[in-house]
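Chemist: One structure coming up, written as structure tokens, with questions to follow.
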Amino acid sequence: MSTLFITHPSSLAHDTGPGHPESIARLRAILAELEKPEYENLIRGEAPRGSVWDIKRVHDDDYIQSVFSSIPKTGHANLDGDTVASPQSGEAAIYAVGGAVAAVDAVVAGDADNAFVAMRPPGHHAERDKAMGFCLFNNAAIAAYHARQLDGIERVAVMDFDVHHGNGTQSAFWDDENMLYASTHQSPCYPGSGSERERGAFGNILNATIPPGGSGEDFRDAFGFIRSGLKDFAPDLLIISAGFDAHADDPLAGLNLVEDDFKWITEQLMAIADISAKGRVVSILEGGYDLDALAASVGVHVKCLMNAG
């Protein structure tokens with residue numbers, strides 16, 4: 001299998017300030033891991049600058065303008081209690097969108113079998129008109145709606161295994177019967193959404209919660225509910241919101257996953273994509289805040305993408 005790896009230097013200029021968990025060091029740790037010899041067969045690409053037209057597929061005009069007008073000329077500015085911007089954050093956010101969209105284009109065109117996009121800031125908490133949880137624009141949802149403009153792509157699923165529920169993606173898909181959002185996440189936990197009762201207008205939302213302290217076995221049981229729904233939906237493209245903060249060493253939540261659990265879920269998702277989506281998978285980085293755990297977990301995830309099929 002050919003796996004495309006997309007990143008961009010702009011992500012290293014998005015400075016969230018001292019002590020913030022969503023730091024530049026996260027991407028540095030991933031880049032160091034993926035420079036190891038076992039990843040030499042990755043196809044490496046640099047993200048293009050994203051399009052405001054793509055962002056508008058998910059976000060309101062007024063919100064987009066407010067994000068860019070809130071970017072400080074010096075220092076830091078808070079878009080919400082957790083979401084910090086610095087002078088280069090606007091460029092980082094629009095390149096993050098561009099990377100996600102470019103990965104979709106490459107995979108759908110057959111230039112790569114699958115892709116992993118390592119960019120900052122993350123996106124799955126960003127709502128149509130609101131920044132949340134370290135996220136400015138919803139990269140995965142934007143990529144999904146962009147994919148629908150491409151030949152042969154009608155139904156898109158996003159599977160989110162970040163420890164936190166992706167409220168923004170769920171909201172973006174709620175009323176669209178050709179979009180499916182599926183999530184395994186800790187509950188109770190930030191942002192407080194993601195109950196199993198939240199099903200979408202067409203039954204197109206699948207949430208599976210795991211209690212604090214949950215193990216890899218609990219994670220696998222939770223995904224069991226989602227697996228059949230993903231298969232029944234039969235997506236033409238599968239997008240992964242790849243958060244690695246359910247790891248036992250992560251400081252921001254309380255699940256106890258290890259690298260083998262991320263290997264397992266990646267293999268499960270690749271098998272589902274093989275059934276209806278011709279193996280087409282685009283994985284987009286979300287959370288993960290212990291640097292060693294993040295690098296190791298991304299490593300097993302990318303190796304699975306490279307070895308799929």
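Order determines the names: the first chain of the structure tokens is A, the second B, and so forth; residues in each chain are numbered 1 upward, and ligands are numbered 1 upward as they are shown.
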With a distance cut-off of 8 Å and only C-alpha atoms, select the neighbouring residues of Ser70 in chain A, excluding the residue or stretch itself and same-chain residues fewer than 5 positions from it, and output the selection as an MDAnalysis selection string.
Modeler: chainID A and resid 77 79 85
Chemist: How would the residues just picked look written out with C-alpha atoms as a PDB file, in the first residue's frame?
Modeler:
```
ATOM      1  CA  ALA A  77      -5.146  35.953  22.128  1.00  0.00           C
ATOM      2  CA  LEU A  79     -10.586  32.607  21.116  1.00  0.00           C
ATOM      3  CA  ALA A  85      -3.954  32.083  18.863  1.00  0.00           C
TER       4      ALA A  85
END
```
Chemist: Going by DSSP on the backbone, which bits of range 134-258 of chain A are helix (DSSP H, G or I)? Write them as a ChimeraX atom specification, please.
Modeler: /A:139-147,167-173,216-233
Chemist: Write the selection just made, keeping N, CA and C atoms, as an mmCIF file, in the first residue's frame?
Modeler:
```cif
data_model
loop_
_atom_site.group_PDB
_atom_site.id
_atom_site.type_symbol
_atom_site.label_atom_id
_atom_site.label_comp_id
_atom_site.auth_asym_id
_atom_site.auth_seq_id
_atom_site.Cartn_x
_atom_site.Cartn_y
_atom_site.Cartn_z
ATOM 1 N N ASN A 139 -11.158 20.561 10.464
ATOM 2 C CA ASN A 139 -10.437 20.006 9.316
ATOM 3 C C ASN A 139 -11.108 18.745 8.760
ATOM 4 N N ALA A 140 -11.524 17.840 9.633
ATOM 5 C CA ALA A 140 -12.117 16.581 9.172
ATOM 6 C C ALA A 140 -13.454 16.816 8.491
ATOM 7 N N ALA A 141 -14.304 17.647 9.074
ATOM 8 C CA ALA A 141 -15.609 17.909 8.465
ATOM 9 C C ALA A 141 -15.453 18.644 7.135
ATOM 10 N N ILE A 142 -14.527 19.592 7.082
ATOM 11 C CA ILE A 142 -14.274 20.309 5.831
ATOM 12 C C ILE A 142 -13.800 19.344 4.759
ATOM 13 N N ALA A 143 -12.873 18.463 5.116
ATOM 14 C CA ALA A 143 -12.366 17.473 4.160
ATOM 15 C C ALA A 143 -13.488 16.566 3.670
ATOM 16 N N ALA A 144 -14.388 16.184 4.572
ATOM 17 C CA ALA A 144 -15.503 15.306 4.199
ATOM 18 C C ALA A 144 -16.434 15.991 3.207
ATOM 19 N N TYR A 145 -16.783 17.247 3.460
ATOM 20 C CA TYR A 145 -17.680 17.947 2.534
ATOM 21 C C TYR A 145 -16.982 18.262 1.215
ATOM 22 N N HIS A 146 -15.686 18.506 1.269
ATOM 23 C CA HIS A 146 -14.938 18.661 0.019
ATOM 24 C C HIS A 146 -14.984 17.373 -0.794
ATOM 25 N N ALA A 147 -14.830 16.244 -0.129
ATOM 26 C CA ALA A 147 -14.822 14.958 -0.834
ATOM 27 C C ALA A 147 -16.110 14.734 -1.608
ATOM 28 N N ASN A 167 -17.678 17.233 19.123
ATOM 29 C CA ASN A 167 -18.972 17.921 19.047
ATOM 30 C C ASN A 167 -19.134 18.704 17.754
ATOM 31 N N GLY A 168 -18.053 19.299 17.257
ATOM 32 C CA GLY A 168 -18.155 20.110 16.050
ATOM 33 C C GLY A 168 -18.475 19.280 14.824
ATOM 34 N N THR A 169 -17.838 18.122 14.685
ATOM 35 C CA THR A 169 -18.109 17.258 13.535
ATOM 36 C C THR A 169 -19.524 16.701 13.622
ATOM 37 N N GLN A 170 -19.914 16.282 14.808
ATOM 38 C CA GLN A 170 -21.282 15.780 14.981
ATOM 39 C C GLN A 170 -22.305 16.828 14.545
ATOM 40 N N SER A 171 -22.109 18.060 14.982
ATOM 41 C CA SER A 171 -23.037 19.132 14.629
ATOM 42 C C SER A 171 -23.064 19.375 13.125
ATOM 43 N N ALA A 172 -21.890 19.340 12.481
ATOM 44 C CA ALA A 172 -21.807 19.593 11.044
ATOM 45 C C ALA A 172 -22.541 18.530 10.236
ATOM 46 N N PHE A 173 -22.599 17.293 10.745
ATOM 47 C CA PHE A 173 -23.190 16.172 10.001
ATOM 48 C C PHE A 173 -24.640 15.889 10.381
ATOM 49 N N GLY A 216 -8.409 -1.052 27.298
ATOM 50 C CA GLY A 216 -8.476 -1.423 25.893
ATOM 51 C C GLY A 216 -9.632 -2.342 25.604
ATOM 52 N N GLU A 217 -9.955 -3.228 26.531
ATOM 53 C CA GLU A 217 -11.103 -4.120 26.335
ATOM 54 C C GLU A 217 -12.399 -3.326 26.266
ATOM 55 N N ASP A 218 -12.538 -2.311 27.126
ATOM 56 C CA ASP A 218 -13.724 -1.454 27.080
ATOM 57 C C ASP A 218 -13.799 -0.705 25.748
ATOM 58 N N PHE A 219 -12.658 -0.257 25.274
ATOM 59 C CA PHE A 219 -12.585 0.438 23.987
ATOM 60 C C PHE A 219 -13.043 -0.475 22.850
ATOM 61 N N ARG A 220 -12.586 -1.702 22.859
ATOM 62 C CA ARG A 220 -12.956 -2.650 21.811
ATOM 63 C C ARG A 220 -14.442 -2.992 21.885
ATOM 64 N N ASP A 221 -14.973 -3.109 23.091
ATOM 65 C CA ASP A 221 -16.413 -3.353 23.243
ATOM 66 C C ASP A 221 -17.214 -2.180 22.704
ATOM 67 N N ALA A 222 -16.759 -0.943 22.990
ATOM 68 C CA ALA A 222 -17.465 0.243 22.511
ATOM 69 C C ALA A 222 -17.477 0.290 20.990
ATOM 70 N N PHE A 223 -16.344 -0.043 20.382
ATOM 71 C CA PHE A 223 -16.289 -0.020 18.920
ATOM 72 C C PHE A 223 -17.166 -1.102 18.306
ATOM 73 N N GLY A 224 -17.435 -2.162 19.040
ATOM 74 C CA GLY A 224 -18.309 -3.198 18.516
ATOM 75 C C GLY A 224 -19.663 -2.668 18.104
ATOM 76 N N PHE A 225 -20.194 -1.704 18.858
ATOM 77 C CA PHE A 225 -21.470 -1.080 18.497
ATOM 78 C C PHE A 225 -21.342 -0.288 17.205
ATOM 79 N N ILE A 226 -20.216 0.367 17.027
ATOM 80 C CA ILE A 226 -20.026 1.246 15.873
ATOM 81 C C ILE A 226 -19.723 0.460 14.606
ATOM 82 N N ARG A 227 -19.025 -0.643 14.732
ATOM 83 C CA ARG A 227 -18.570 -1.398 13.562
ATOM 84 C C ARG A 227 -19.718 -1.727 12.608
ATOM 85 N N SER A 228 -20.794 -2.249 13.137
ATOM 86 C CA SER A 228 -21.901 -2.641 12.260
ATOM 87 C C SER A 228 -22.542 -1.429 11.605
ATOM 88 N N GLY A 229 -22.609 -0.305 12.328
ATOM 89 C CA GLY A 229 -23.174 0.912 11.749
ATOM 90 C C GLY A 229 -22.339 1.457 10.613
ATOM 91 N N LEU A 230 -21.025 1.410 10.767
ATOM 92 C CA LEU A 230 -20.136 1.845 9.691
ATOM 93 C C LEU A 230 -20.297 0.956 8.458
ATOM 94 N N LYS A 231 -20.369 -0.350 8.670
ATOM 95 C CA LYS A 231 -20.532 -1.267 7.547
ATOM 96 C C LYS A 231 -21.860 -1.031 6.843
ATOM 97 N N ASP A 232 -22.925 -0.857 7.620
ATOM 98 C CA ASP A 232 -24.249 -0.644 7.017
ATOM 99 C C ASP A 232 -24.301 0.663 6.233
ATOM 100 N N PHE A 233 -23.607 1.680 6.718
ATOM 101 C CA PHE A 233 -23.593 2.976 6.035
ATOM 102 C C PHE A 233 -22.868 2.887 4.696
#
```
Chemist: From a DSSP calculation on the backbone, collect every residue of range 107-299 of chain A in strand (DSSP E) and output the set as number ranges by chain.
Modeler: A: 114-117, 156-160, 179-186, 205-210, 237-242, 281-285
Chemist: Could you write out that same residue set with C-alpha atoms as a CSV table (one decimal), in the first residue's frame?
Modeler:
```
chain,number,residue,atom,x,y,z
A,114,ASN,CA,-4.4,6.2,2.1
A,115,ALA,CA,-3.0,9.3,3.9
A,116,PHE,CA,-2.1,10.6,7.3
A,117,VAL,CA,-2.2,14.4,7.9
A,156,VAL,CA,-18.5,9.9,3.7
A,157,ALA,CA,-18.0,8.6,7.3
A,158,VAL,CA,-15.8,10.1,9.9
A,159,MET,CA,-14.6,7.8,12.7
A,160,ASP,CA,-13.3,9.7,15.7
A,179,MET,CA,-22.6,11.9,6.2
A,180,LEU,CA,-22.0,9.6,9.2
A,181,TYR,CA,-20.1,10.6,12.4
A,182,ALA,CA,-19.0,7.8,14.7
A,183,SER,CA,-17.1,8.4,18.0
A,184,THR,CA,-15.7,6.4,20.9
A,185,HIS,CA,-14.9,8.7,23.8
A,186,GLN,CA,-14.7,9.0,27.5
A,205,ILE,CA,-24.6,9.7,14.5
A,206,LEU,CA,-23.1,6.8,16.4
A,207,ASN,CA,-21.6,7.5,19.8
A,208,ALA,CA,-20.1,4.9,22.1
A,209,THR,CA,-19.0,6.1,25.5
A,210,ILE,CA,-16.3,4.6,27.8
A,237,LEU,CA,-14.5,7.4,1.8
A,238,LEU,CA,-13.5,6.9,5.4
A,239,ILE,CA,-11.9,9.8,7.3
A,240,ILE,CA,-10.4,9.2,10.7
A,241,SER,CA,-10.2,11.9,13.4
A,242,ALA,CA,-7.1,10.4,14.9
A,281,VAL,CA,-8.8,6.2,4.2
A,282,VAL,CA,-7.6,9.7,5.2
A,283,SER,CA,-6.5,10.0,8.8
A,284,ILE,CA,-6.2,13.5,10.3
A,285,LEU,CA,-4.4,14.3,13.6
```
Chemist: Using only C-alpha atoms, which protein or nucleic acid residues come within 6 Å of range 244-251 of chain A? Drop anything in the same chain fewer than 4 positions from it, and give the result as a PyMOL selection string.
Modeler: chain A and resi 162-163+255-258+287-290
Chemist: For the selection just defined, write its residues with N, CA and C atoms to a file, as a PDB file, in the first residue's frame.
Modeler:
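Ended up saving to part-v4.pdb:
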```
ATOM      1  N   ASP A 162     -10.573   9.923  19.210  1.00  0.00           N
ATOM      2  CA  ASP A 162     -10.044  10.823  20.234  1.00  0.00           C
ATOM      3  C   ASP A 162     -10.787  10.562  21.548  1.00  0.00           C
ATOM      4  N   VAL A 163     -10.116  10.781  22.677  1.00  0.00           N
ATOM      5  CA  VAL A 163     -10.763  10.535  23.966  1.00  0.00           C
ATOM      6  C   VAL A 163     -11.897  11.517  24.230  1.00  0.00           C
ATOM      7  N   LEU A 255      -8.582   7.412  30.269  1.00  0.00           N
ATOM      8  CA  LEU A 255      -8.649   6.061  29.727  1.00  0.00           C
ATOM      9  C   LEU A 255      -7.263   5.417  29.755  1.00  0.00           C
ATOM     10  N   ASN A 256      -7.218   4.127  29.490  1.00  0.00           N
ATOM     11  CA  ASN A 256      -5.979   3.368  29.678  1.00  0.00           C
ATOM     12  C   ASN A 256      -5.602   2.560  28.443  1.00  0.00           C
ATOM     13  N   LEU A 257      -5.715   3.182  27.274  1.00  0.00           N
ATOM     14  CA  LEU A 257      -5.313   2.509  26.048  1.00  0.00           C
ATOM     15  C   LEU A 257      -3.788   2.492  25.934  1.00  0.00           C
ATOM     16  N   VAL A 258      -3.302   1.540  25.149  1.00  0.00           N
ATOM     17  CA  VAL A 258      -1.876   1.447  24.834  1.00  0.00           C
ATOM     18  C   VAL A 258      -1.734   1.380  23.315  1.00  0.00           C
ATOM     19  N   GLY A 287      -6.096  14.927  18.903  1.00  0.00           N
ATOM     20  CA  GLY A 287      -5.401  15.129  20.166  1.00  0.00           C
ATOM     21  C   GLY A 287      -4.298  14.121  20.428  1.00  0.00           C
ATOM     22  N   GLY A 288      -3.764  14.212  21.649  1.00  0.00           N
ATOM     23  CA  GLY A 288      -2.636  13.397  22.099  1.00  0.00           C
ATOM     24  C   GLY A 288      -1.593  14.307  22.692  1.00  0.00           C
ATOM     25  N   TYR A 289      -1.381  14.251  24.026  1.00  0.00           N
ATOM     26  CA  TYR A 289      -0.638  15.315  24.703  1.00  0.00           C
ATOM     27  C   TYR A 289       0.538  14.828  25.541  1.00  0.00           C
ATOM     28  N   ASP A 290       0.724  13.534  25.718  1.00  0.00           N
ATOM     29  CA  ASP A 290       1.981  13.015  26.237  1.00  0.00           C
ATOM     30  C   ASP A 290       2.872  12.739  25.039  1.00  0.00           C
TER      31      ASP A 290
END
```
Chemist: Please provide the set of residues having any atom within 7 Å of Ile94 in chain A, restricted to only C-alpha atoms, with same-chain residues fewer than 3 positions apart removed, written as a count of residues only.
Modeler: 6
Chemist: Using only C-alpha atoms, determine which residues lie at most 7 Å from range 260-265 of chain A, disregarding the query and same-chain residues fewer than 2 positions distant; provide the list as a list in words.
Modeler: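 So the residues in contact are Gly216, Leu257, Val258, Glu267, Gln268, Leu269, Ser297, Val300, His301 and Cys304 of chain A.
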Chemist: Have a look at A:Met306, A:Ala126, A:Ile153, A:Val58 and name the one nearest to Val108 in chain A; count only C-alpha atoms.
Modeler: A:Ile153
Chemist: Env of Ile6 in chain A: 10 Å cut, atoms = only C-alpha atoms, seq-sep filter 2 positions within chain, self excluded. Answer as a PyMOL selection string.
Modeler: chain A and resi 3-4+8+42-48+96+98-100+102-103+115-119+284
